[in-house]
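Here is entry01.tsv, consisting of TSV, C-alpha atoms:
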chain	number	residue	atom	x	y	z
A	1410	MET	CA	-21.74	46.34	-45.20
A	1411	LYS	CA	-24.53	44.88	-47.34
A	1412	ARG	CA	-22.32	45.13	-50.42
A	1413	TYR	CA	-19.59	43.15	-48.72
A	1414	ASN	CA	-22.03	40.46	-47.58
A	1415	LEU	CA	-23.48	40.19	-51.06
A	1416	LYS	CA	-20.02	39.83	-52.50
A	1417	TYR	CA	-19.17	37.05	-50.02
A	1418	LEU	CA	-22.38	35.21	-50.80
A	1419	LEU	CA	-21.75	35.41	-54.50
A	1420	ALA	CA	-18.21	34.16	-54.06
A	1421	ILE	CA	-19.38	31.17	-52.00
A	1422	LEU	CA	-22.04	30.32	-54.55
A	1423	VAL	CA	-19.52	30.40	-57.35
A	1424	LEU	CA	-17.23	28.10	-55.41
A	1425	LEU	CA	-20.00	25.62	-54.64
A	1426	LEU	CA	-21.16	25.56	-58.22
A	1427	SER	CA	-17.67	25.02	-59.56
A	1428	SER	CA	-17.13	22.18	-57.06
A	1429	ALA	CA	-20.39	20.56	-58.08
A	1430	ILE	CA	-19.47	20.85	-61.74
A	1431	GLY	CA	-16.08	19.40	-60.99
A	1432	PHE	CA	-17.57	16.37	-59.16
A	1433	CYS	CA	-20.00	15.78	-61.96
A	1434	GLU	CA	-17.24	15.75	-64.49
A	1435	ASP	CA	-15.02	13.34	-62.49
A	1436	GLU	CA	-17.82	11.04	-61.32
A	1437	SER	CA	-15.76	10.20	-58.20
A	1438	ASN	CA	-16.07	10.79	-54.46
A	1439	ASN	CA	-13.48	11.38	-51.81
A	1440	SER	CA	-14.22	9.96	-48.34
A	1441	SER	CA	-12.34	8.88	-45.29
A	1442	ILE	CA	-12.78	6.31	-42.51
A	1443	ALA	CA	-11.41	7.02	-39.08
A	1444	VAL	CA	-10.68	4.31	-36.54
A	1445	THR	CA	-9.65	4.99	-32.96
A	1446	ILE	CA	-7.62	2.33	-31.19
A	1447	GLU	CA	-8.08	2.71	-27.48
A	1448	PRO	CA	-5.01	2.07	-25.37
A	1449	ILE	CA	-5.32	-1.01	-23.17
A	1450	LEU	CA	-3.16	-2.29	-20.37
A	1451	SER	CA	-3.66	-5.15	-17.96
A	1452	PHE	CA	-1.44	-7.78	-16.40
A	1453	ASP	CA	-1.44	-10.89	-14.27
A	1454	VAL	CA	1.02	-12.49	-11.90
A	1455	ASN	CA	1.40	-16.19	-11.40
A	1456	ASN	CA	2.47	-17.41	-7.94
A	1457	LYS	CA	1.73	-14.16	-6.13
A	1458	VAL	CA	2.94	-15.55	-2.81
A	1459	ILE	CA	6.68	-15.95	-2.52
A	1460	ASP	CA	7.88	-18.42	0.15
A	1461	PHE	CA	11.25	-18.78	1.80
A	1462	VAL	CA	12.13	-21.36	4.43
A	1463	TYR	CA	15.00	-21.21	6.87
A	1464	ASP	CA	16.12	-24.44	8.51
A	1465	GLU	CA	19.09	-24.24	10.83
A	1466	TYR	CA	19.80	-27.93	10.42
A	1467	GLY	CA	19.86	-28.04	6.66
A	1468	ASN	CA	21.37	-25.10	4.89
A	1469	GLU	CA	21.22	-26.92	1.59
A	1470	ASP	CA	17.52	-27.41	2.07
A	1471	ASN	CA	16.86	-23.77	2.79
A	1472	ASP	CA	14.52	-22.24	0.25
A	1473	VAL	CA	16.69	-19.28	-0.64
A	1474	TYR	CA	14.99	-18.85	-4.01
A	1475	ASP	CA	11.46	-18.69	-5.31
A	1476	LYS	CA	10.02	-17.74	-8.68
A	1477	ASN	CA	6.98	-16.24	-10.27
A	1478	THR	CA	5.94	-15.14	-13.72
A	1479	PHE	CA	3.88	-12.33	-15.12
A	1480	SER	CA	2.08	-11.51	-18.33
A	1481	VAL	CA	1.02	-8.19	-19.79
A	1482	THR	CA	-1.81	-7.46	-22.19
A	1483	GLY	CA	-1.51	-4.06	-23.77
A	1484	ASN	CA	-0.73	-1.94	-26.76
A	1485	VAL	CA	1.29	0.76	-25.07
A	1486	ASN	CA	4.62	1.09	-23.39
A	1487	TRP	CA	4.56	-0.08	-19.80
A	1488	GLU	CA	6.67	-0.35	-16.70
A	1489	PHE	CA	6.49	-3.30	-14.32
A	1490	SER	CA	7.41	-2.58	-10.73
A	1491	ILE	CA	7.20	-4.26	-7.36
A	1492	TYR	CA	7.19	-2.84	-3.85
A	1493	ALA	CA	6.47	-3.90	-0.28
A	1494	SER	CA	3.86	-2.31	1.93
A	1495	ALA	CA	6.21	-2.27	4.94
A	1496	ASN	CA	9.92	-2.15	5.64
A	1497	VAL	CA	9.98	-5.44	7.51
A	1498	LEU	CA	8.53	-8.92	7.56
A	1499	THR	CA	6.77	-9.60	10.85
A	1500	ALA	CA	5.35	-12.66	12.57
A	1501	SER	CA	2.55	-12.93	15.06
A	1502	GLY	CA	3.87	-13.74	18.51
A	1503	SER	CA	7.35	-12.46	17.76
A	1504	THR	CA	8.88	-9.05	18.20
A	1505	ASP	CA	11.63	-9.94	15.76
A	1506	GLU	CA	11.59	-8.44	12.32
A	1507	VAL	CA	13.29	-9.22	9.04
A	1508	SER	CA	14.13	-6.35	6.71
A	1509	VAL	CA	12.63	-6.47	3.23
A	1510	ASN	CA	16.02	-5.26	2.01
A	1511	SER	CA	17.17	-8.85	2.40
A	1512	ILE	CA	15.13	-9.75	-0.64
A	1513	GLU	CA	16.38	-9.27	-4.20
A	1514	ILE	CA	14.39	-9.76	-7.38
A	1515	TYR	CA	15.83	-10.23	-10.79
A	1516	LYS	CA	14.51	-11.32	-14.13
A	1517	ASN	CA	15.19	-14.82	-15.24
A	1518	ASP	CA	14.68	-16.78	-18.45
A	1519	ILE	CA	13.18	-14.12	-20.68
A	1520	SER	CA	11.85	-15.36	-24.02
A	1521	ILE	CA	9.54	-12.93	-25.73
A	1522	ASP	CA	7.00	-14.12	-28.27
A	1523	GLY	CA	4.94	-10.99	-28.66
A	1524	GLY	CA	5.94	-7.75	-27.06
A	1525	VAL	CA	9.15	-5.91	-26.76
A	1526	ILE	CA	11.39	-5.48	-23.76
A	1527	ILE	CA	12.71	-1.95	-23.77
A	1528	THR	CA	14.93	-1.97	-20.75
A	1529	GLU	CA	15.40	-4.18	-17.75
A	1530	SER	CA	17.11	-3.93	-14.43
A	1531	ASN	CA	19.49	-6.68	-13.48
A	1532	THR	CA	18.38	-6.74	-9.90
A	1533	ILE	CA	16.15	-4.72	-7.63
A	1534	THR	CA	16.13	-4.82	-3.87
A	1535	LEU	CA	12.67	-4.97	-2.38
A	1536	SER	CA	11.61	-1.80	-0.58
A	1537	THR	CA	8.55	0.32	0.04
A	1538	THR	CA	9.32	2.37	-3.06
A	1539	PRO	CA	8.10	0.97	-6.39
A	1540	LYS	CA	11.11	-0.07	-8.42
A	1541	VAL	CA	10.85	-0.79	-12.11
A	1542	ILE	CA	12.36	-4.12	-13.02
A	1543	ILE	CA	11.23	-4.30	-16.66
A	1544	LYS	CA	10.00	-1.77	-19.19
A	1545	GLY	CA	8.19	-3.19	-22.17
A	1546	GLN	CA	5.86	-2.54	-25.04
A	1547	GLY	CA	2.75	-4.40	-26.12
A	1548	SER	CA	1.64	-7.78	-24.86
A	1549	ILE	CA	3.93	-10.25	-23.18
A	1550	PRO	CA	2.45	-13.75	-23.02
A	1551	THR	CA	2.25	-15.72	-19.81
A	1552	SER	CA	5.43	-17.29	-18.53
A	1553	ASP	CA	7.68	-15.43	-20.90
A	1554	ILE	CA	9.24	-13.51	-18.07
A	1555	ARG	CA	10.19	-15.28	-14.89
A	1556	LEU	CA	11.16	-13.34	-11.84
A	1557	ARG	CA	13.60	-14.92	-9.44
A	1558	TRP	CA	13.38	-13.91	-5.80
A	1559	HIS	CA	16.44	-14.34	-3.64
A	1560	PHE	CA	16.78	-14.10	0.11
A	1561	LYS	CA	20.30	-12.71	0.37
A	1562	ASN	CA	21.45	-13.68	3.85
A	1563	ILE	CA	19.17	-16.45	4.94
A	1564	ASN	CA	21.97	-18.17	6.82
A	1565	ASP	CA	22.17	-15.21	9.17
A	1566	LEU	CA	18.70	-15.88	10.52
A	1567	GLY	CA	19.84	-17.98	13.48
A	1568	ASN	CA	19.04	-15.15	15.84
A	1569	ILE	CA	15.52	-14.76	14.55
A	1570	ARG	CA	12.76	-16.31	16.63
A	1571	ALA	CA	11.04	-19.23	14.94
A	1572	GLY	CA	7.85	-18.19	13.20
A	1573	PHE	CA	6.09	-17.36	9.98
A	1574	TYR	CA	7.14	-13.90	8.86
A	1575	THR	CA	5.31	-12.10	6.11
A	1576	VAL	CA	4.92	-8.77	4.34
A	1577	PRO	CA	2.40	-7.78	1.66
A	1578	VAL	CA	3.85	-6.83	-1.71
A	1579	ILE	CA	2.24	-4.99	-4.57
A	1580	TYR	CA	2.76	-5.74	-8.24
A	1581	GLN	CA	2.23	-2.71	-10.46
A	1582	VAL	CA	2.14	-2.08	-14.17
A	1583	THR	CA	1.84	1.51	-15.32
A	1584	ALA	CA	1.77	3.06	-18.74
A	1585	GLY	CA	5.30	4.06	-19.56
A	1586	THR	CA	6.76	6.83	-21.58
A	1587	PRO	CA	6.61	6.44	-25.35
A	1588	THR	CA	9.61	4.95	-27.07
A	1589	PRO	CA	11.79	7.76	-28.42
B	898	MET	CA	-14.68	41.31	-40.61
B	899	LYS	CA	-15.79	41.36	-37.03
B	900	ASN	CA	-18.22	38.54	-37.70
B	901	LEU	CA	-15.52	36.55	-39.42
B	902	LEU	CA	-13.27	36.97	-36.42
B	903	LYS	CA	-16.07	35.85	-34.12
B	904	ILE	CA	-16.73	32.77	-36.23
B	905	THR	CA	-13.04	31.92	-36.29
B	906	MET	CA	-12.79	32.28	-32.51
B	907	SER	CA	-15.86	30.10	-31.99
B	908	LEU	CA	-14.48	27.40	-34.24
B	909	ALA	CA	-11.20	27.49	-32.35
B	910	MET	CA	-13.05	27.08	-29.03
B	911	VAL	CA	-15.06	24.18	-30.38
B	912	LEU	CA	-11.88	22.51	-31.58
B	913	LEU	CA	-10.18	23.00	-28.21
B	914	ILE	CA	-13.15	21.59	-26.30
B	915	SER	CA	-13.37	18.63	-28.67
B	916	THR	CA	-9.70	17.94	-28.22
B	917	SER	CA	-9.98	17.91	-24.45
B	918	VAL	CA	-13.13	15.77	-24.46
B	919	PHE	CA	-11.74	13.18	-26.82
B	920	ALA	CA	-8.17	13.13	-25.46
B	921	ILE	CA	-7.10	9.54	-24.77
B	922	ASP	CA	-5.96	9.03	-21.20
B	923	PRO	CA	-3.13	6.60	-20.55
B	924	PRO	CA	-4.54	3.22	-19.48
B	925	THR	CA	-4.22	2.07	-15.92
B	926	ALA	CA	-4.00	-1.51	-14.79
B	927	PRO	CA	-5.18	-2.35	-11.27
B	928	ASN	CA	-2.40	-3.36	-8.91
B	929	ILE	CA	-2.11	-6.99	-7.89
B	930	ASN	CA	-1.54	-7.85	-4.26
B	931	GLY	CA	0.84	-10.59	-3.22
B	932	SER	CA	3.07	-11.36	-0.29
B	933	VAL	CA	6.50	-12.56	0.68
B	934	SER	CA	6.72	-15.01	3.55
B	935	LEU	CA	9.63	-16.44	5.45
B	936	GLU	CA	9.19	-19.55	7.54
B	937	VAL	CA	11.89	-19.73	10.19
B	938	GLN	CA	11.86	-23.27	11.47
B	939	SER	CA	12.71	-23.93	15.09
B	940	PHE	CA	16.01	-25.37	16.18
B	941	LEU	CA	17.44	-26.38	19.54
B	942	ASN	CA	20.86	-27.72	20.42
B	943	PHE	CA	23.33	-27.42	23.24
B	944	THR	CA	26.85	-28.22	24.29
B	945	LEU	CA	28.52	-28.49	27.69
B	946	THR	CA	31.71	-26.77	28.74
B	947	ASN	CA	33.65	-28.32	31.58
B	948	PRO	CA	31.24	-31.20	32.09
B	949	ALA	CA	33.52	-33.40	34.27
B	950	LEU	CA	34.27	-31.67	37.55
B	951	VAL	CA	36.82	-32.97	40.05
B	952	PHE	CA	36.81	-31.77	43.65
B	953	THR	CA	39.52	-32.65	46.15
B	954	TYR	CA	39.03	-32.39	49.90
B	955	ASN	CA	41.93	-32.40	52.33
B	956	HIS	CA	40.67	-33.49	55.68
B	957	GLU	CA	43.80	-32.40	57.52
B	958	THR	CA	43.56	-28.78	56.41
B	959	ALA	CA	39.81	-28.95	56.12
B	960	SER	CA	40.18	-26.62	53.15
B	961	ASP	CA	36.93	-26.02	51.43
B	962	PRO	CA	37.40	-26.67	47.70
B	963	LEU	CA	36.52	-23.83	45.38
B	964	THR	CA	33.26	-23.90	43.49
B	965	GLN	CA	33.32	-25.12	39.93
B	966	ALA	CA	30.87	-24.70	37.12
B	967	THR	CA	29.50	-26.48	34.11
B	968	THR	CA	27.98	-24.27	31.43
B	969	VAL	CA	25.15	-25.35	29.18
B	970	VAL	CA	25.60	-23.44	25.90
B	971	VAL	CA	22.24	-23.38	24.12
B	972	GLY	CA	21.70	-22.59	20.46
B	973	SER	CA	18.06	-22.04	19.71
B	974	ASN	CA	15.41	-19.73	18.31
B	975	ILE	CA	12.64	-20.76	20.71
B	976	ASP	CA	11.95	-20.84	24.46
B	977	TRP	CA	13.51	-23.76	26.30
B	978	THR	CA	14.18	-25.32	29.67
B	979	ALA	CA	17.66	-26.52	30.66
B	980	SER	CA	17.78	-29.18	33.37
B	981	VAL	CA	20.32	-31.15	35.30
B	982	VAL	CA	19.44	-34.31	37.15
B	983	ARG	CA	21.49	-36.56	39.38
B	984	THR	CA	21.18	-40.20	38.36
B	985	ASP	CA	22.94	-41.77	41.33
B	986	ASN	CA	24.14	-40.84	44.79
B	987	PRO	CA	27.22	-42.71	45.94
B	988	LEU	CA	28.30	-39.89	48.26
B	989	PRO	CA	28.88	-40.93	51.86
B	990	THR	CA	27.30	-39.34	54.83
B	991	GLY	CA	28.88	-35.96	55.53
B	992	VAL	CA	29.52	-35.14	51.86
B	993	THR	CA	26.82	-32.98	50.30
B	994	LEU	CA	26.75	-31.71	46.74
B	995	GLN	CA	25.25	-28.26	46.34
B	996	VAL	CA	24.29	-26.39	43.19
B	997	SER	CA	23.55	-22.80	42.26
B	998	THR	CA	22.30	-21.22	39.05
B	999	ASP	CA	23.11	-17.64	40.03
B	1000	GLY	CA	26.49	-18.21	41.66
B	1001	THR	CA	25.40	-16.96	45.06
B	1002	SER	CA	22.48	-18.98	46.40
B	1003	TYR	CA	23.36	-22.65	46.73
B	1004	ILE	CA	20.90	-25.42	47.44
B	1005	ASN	CA	21.44	-29.11	48.07
B	1006	MET	CA	21.47	-31.03	44.84
B	1007	PRO	CA	18.02	-32.57	44.45
B	1008	VAL	CA	17.59	-36.25	45.03
B	1009	ILE	CA	17.95	-38.81	42.25
B	1010	ASN	CA	15.87	-38.14	39.16
B	1011	ASP	CA	14.52	-34.87	40.52
B	1012	PRO	CA	15.70	-32.28	37.98
B	1013	LEU	CA	16.82	-28.76	38.68
B	1014	SER	CA	15.54	-26.60	35.81
B	1015	VAL	CA	16.19	-23.14	34.42
B	1016	ASN	CA	14.10	-21.45	31.74
B	1017	GLY	CA	15.68	-19.54	28.90
B	1018	SER	CA	15.16	-18.58	25.30
B	1019	MET	CA	17.02	-18.18	22.05
B	1020	ILE	CA	20.84	-18.38	22.07
B	1021	ASN	CA	21.85	-18.31	25.71
B	1022	ASP	CA	23.97	-19.96	28.39
B	1023	VAL	CA	23.03	-21.50	31.72
B	1024	VAL	CA	25.78	-21.84	34.30
B	1025	PHE	CA	25.39	-24.57	36.93
B	1026	ASN	CA	27.77	-23.85	39.81
B	1027	TYR	CA	28.68	-26.73	42.13
B	1028	ASP	CA	30.09	-26.89	45.58
B	1029	PHE	CA	30.72	-29.61	48.15
B	1030	VAL	CA	29.99	-29.28	51.81
B	1031	PHE	CA	31.89	-31.62	54.12
B	1032	THR	CA	30.74	-32.41	57.59
B	1033	GLY	CA	31.85	-35.15	59.92
B	1034	ASN	CA	34.68	-37.44	58.96
B	1035	PRO	CA	34.11	-39.10	55.58
B	1036	LEU	CA	36.36	-41.98	54.64
B	1037	PRO	CA	39.09	-41.16	52.15
B	1038	ASP	CA	38.08	-42.35	48.72
B	1039	THR	CA	37.01	-41.11	45.31
B	1040	TYR	CA	33.31	-40.70	45.00
B	1041	LEU	CA	31.73	-40.28	41.61
B	1042	THR	CA	28.21	-39.04	41.04
B	1043	HIS	CA	26.66	-38.80	37.59
B	1044	LEU	CA	24.73	-35.84	36.26
B	1045	THR	CA	22.61	-35.71	33.15
B	1046	TYR	CA	21.90	-32.44	31.33
B	1047	SER	CA	19.01	-31.84	28.98
B	1048	VAL	CA	17.46	-28.92	27.11
B	1049	THR	CA	13.86	-29.16	25.97
B	1050	ALA	CA	11.50	-26.81	24.15
B	1051	ARG	CA	8.80	-25.23	26.26

How does the structure come out when it is put into structure tokens?
Amino acid sequence: MKRYNLKYLLAILVLLLSSAIGFCEDESNNSSIAVTIEPILSFDVNNKVIDFVYDEYGNEDNDVYDKNTFSVTGNVNWEFSIYASANVLTASGSTDEVSVNSIEIYKNDISIDGGVIITESNTITLSTTPKVIIKGQGSIPTSDIRLRWHFKNINDLGNIRAGFYTVPVIYQVTAGTPTP
Amino acid sequence: MKNLLKITMSLAMVLLISTSVFAIDPPTAPNINGSVSLEVQSFLNFTLTNPALVFTYNHETASDPLTQATTVVVGSNIDWTASVVRTDNPLPTGVTLQVSTDGTSYINMPVINDPLSVNGSMINDVVFNYDFVFTGNPLPDTYLTHLTYSVTAR
């Protein structure tokens, strides 16, 4: 065993010496600098509260549409989704309910300055399940993507008791799968 | 050789641990809460079906004319009160106008400007049934009494 160890030591010494001689002859150094870029992802939504108005006397004045915009700050792939916290819109003092399925969302007026849109859905119907409307990459500046909200059958609301119906919704951006 | 194997194994473990410690987790962005609201504004309208009733009484046969009805058809998404009020009373003695809202229990039509009211809600109908009661010997003529209907929010 001692012979083997001695042999190994000698071999290592020879290697070190030859390396040192080599460096001396070249008068150069090899080095490396490592930088780690942490992934980041955040987003914001403008006009978080979407309003519709139904007026029996003025169908043309009914607010069937509303809009909002969102921006993403990130350096990864991401998926933007929206969902409701309940199946129906409810109003205090009324037992009537309005299904969230009456509400459609689709992208509108996309003009990208920074990031990349990977895929996009034409339309999603609001539900309690998060549905991805846009998949993107990197940062998307404010107002580049407008979402258009549409109340599909607002003129069928004549049987709904007058009131202010509401349902919470959640905007969600999650890190998406890498681009193939 | 055994030592070499041990060293190699240790290095491998260190590399594995380092990899797991320094692995970059996917970033998460906090959800943003919002809401969707729908304001359903109130509306209230109504129409009358068969608003002009004509009763004929034959004194010789003393036949009691059949009841007739006027229906108030209400379109609304709130609670309301439908009323009918008599604005004049040209009927002679012995001719009494009666009214019923359930088709069975008739009462004398209230006096002038004293409304008879029925509560309802949403889209609904109110049927005002009318009947005449003849007593005595009224003079032959055509008597016209005016009724005014209204529906108000309550």

One decimal, Å: what's the distance from atom CA of Asn1486 of chain A over to atom CA of Pro924 of chain B, could you say? 10.2 Å

Please identify all residues of chain A having at least one atom at most 7 Å from any atom of chain B, considering all atoms listed in the file, and return them as a PyMOL selection string. chain A and resi 1448-1452+1457-1465+1567-1584

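Atom CA of Asp1453 of chain A is found 17.6 Å from atom CA of Lys1540 of chain A.
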
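When atom CA of Ser980 of chain B is paired with atom CA of Ser1014 of chain B, their separation reads 4.2 Å.
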
Near His1559 of chain A, within 7 Å and counting only C-alpha atoms, which residues show up once chain neighbours fewer than 4 positions away are dropped, as a list in words?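 In the requested form, the answer reads Val1473, Tyr1474, Asp1475, Ile1512, Glu1513 and Ile1514 of chain A.
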
With only C-alpha atoms as the basis for distance, which of B:Ile1009, B:Thr944, B:Phe1025, B:Tyr1003 is at the shortest distance from Gln965 of chain B? B:Phe1025

Contacts of Trp977 of chain B within 6 Å, all atoms listed in the file, excl. fewer than 3 positions in-chain, as a VMD selection string: chain B and resid 1016 to 1018 1049 to 1051

Please provide the set of residues having any atom within 7 Å of segment 1506-1510 of chain A, restricted to all atoms listed in the file, with same-chain residues fewer than 2 positions apart removed, written as a list in words.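 Contacts, with the query itself left out: Asn1496, Val1497, Leu1498, Thr1499, Thr1504, Ile1512, Thr1534, Leu1535 and Ser1536 of chain A.
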
Counting all atoms listed in the file, find the residues whose atoms lie at most 7 Å from (21.1, -27.2, 24.7) (file coordinates) and write them out as a list in words. Leu941, Asn942, Phe943, Thr944, Val969, Val970, Val971, Gly972, Ala979, Ser1047 and Val1048 of chain B

Store the residues of this selection in a file with C-alpha atoms, as an mmCIF file, in the coordinates of the input.
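Output saved as out04.cif:
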data_model
loop_
_atom_site.group_PDB
_atom_site.id
_atom_site.type_symbol
_atom_site.label_atom_id
_atom_site.label_comp_id
_atom_site.auth_asym_id
_atom_site.auth_seq_id
_atom_site.Cartn_x
_atom_site.Cartn_y
_atom_site.Cartn_z
ATOM 1 C CA LEU B 941 17.440 -26.380 19.540
ATOM 2 C CA ASN B 942 20.860 -27.720 20.420
ATOM 3 C CA PHE B 943 23.330 -27.420 23.240
ATOM 4 C CA THR B 944 26.850 -28.220 24.290
ATOM 5 C CA VAL B 969 25.150 -25.350 29.180
ATOM 6 C CA VAL B 970 25.600 -23.440 25.900
ATOM 7 C CA VAL B 971 22.240 -23.380 24.120
ATOM 8 C CA GLY B 972 21.700 -22.590 20.460
ATOM 9 C CA ALA B 979 17.660 -26.520 30.660
ATOM 10 C CA SER B 1047 19.010 -31.840 28.980
ATOM 11 C CA VAL B 1048 17.460 -28.920 27.110
#
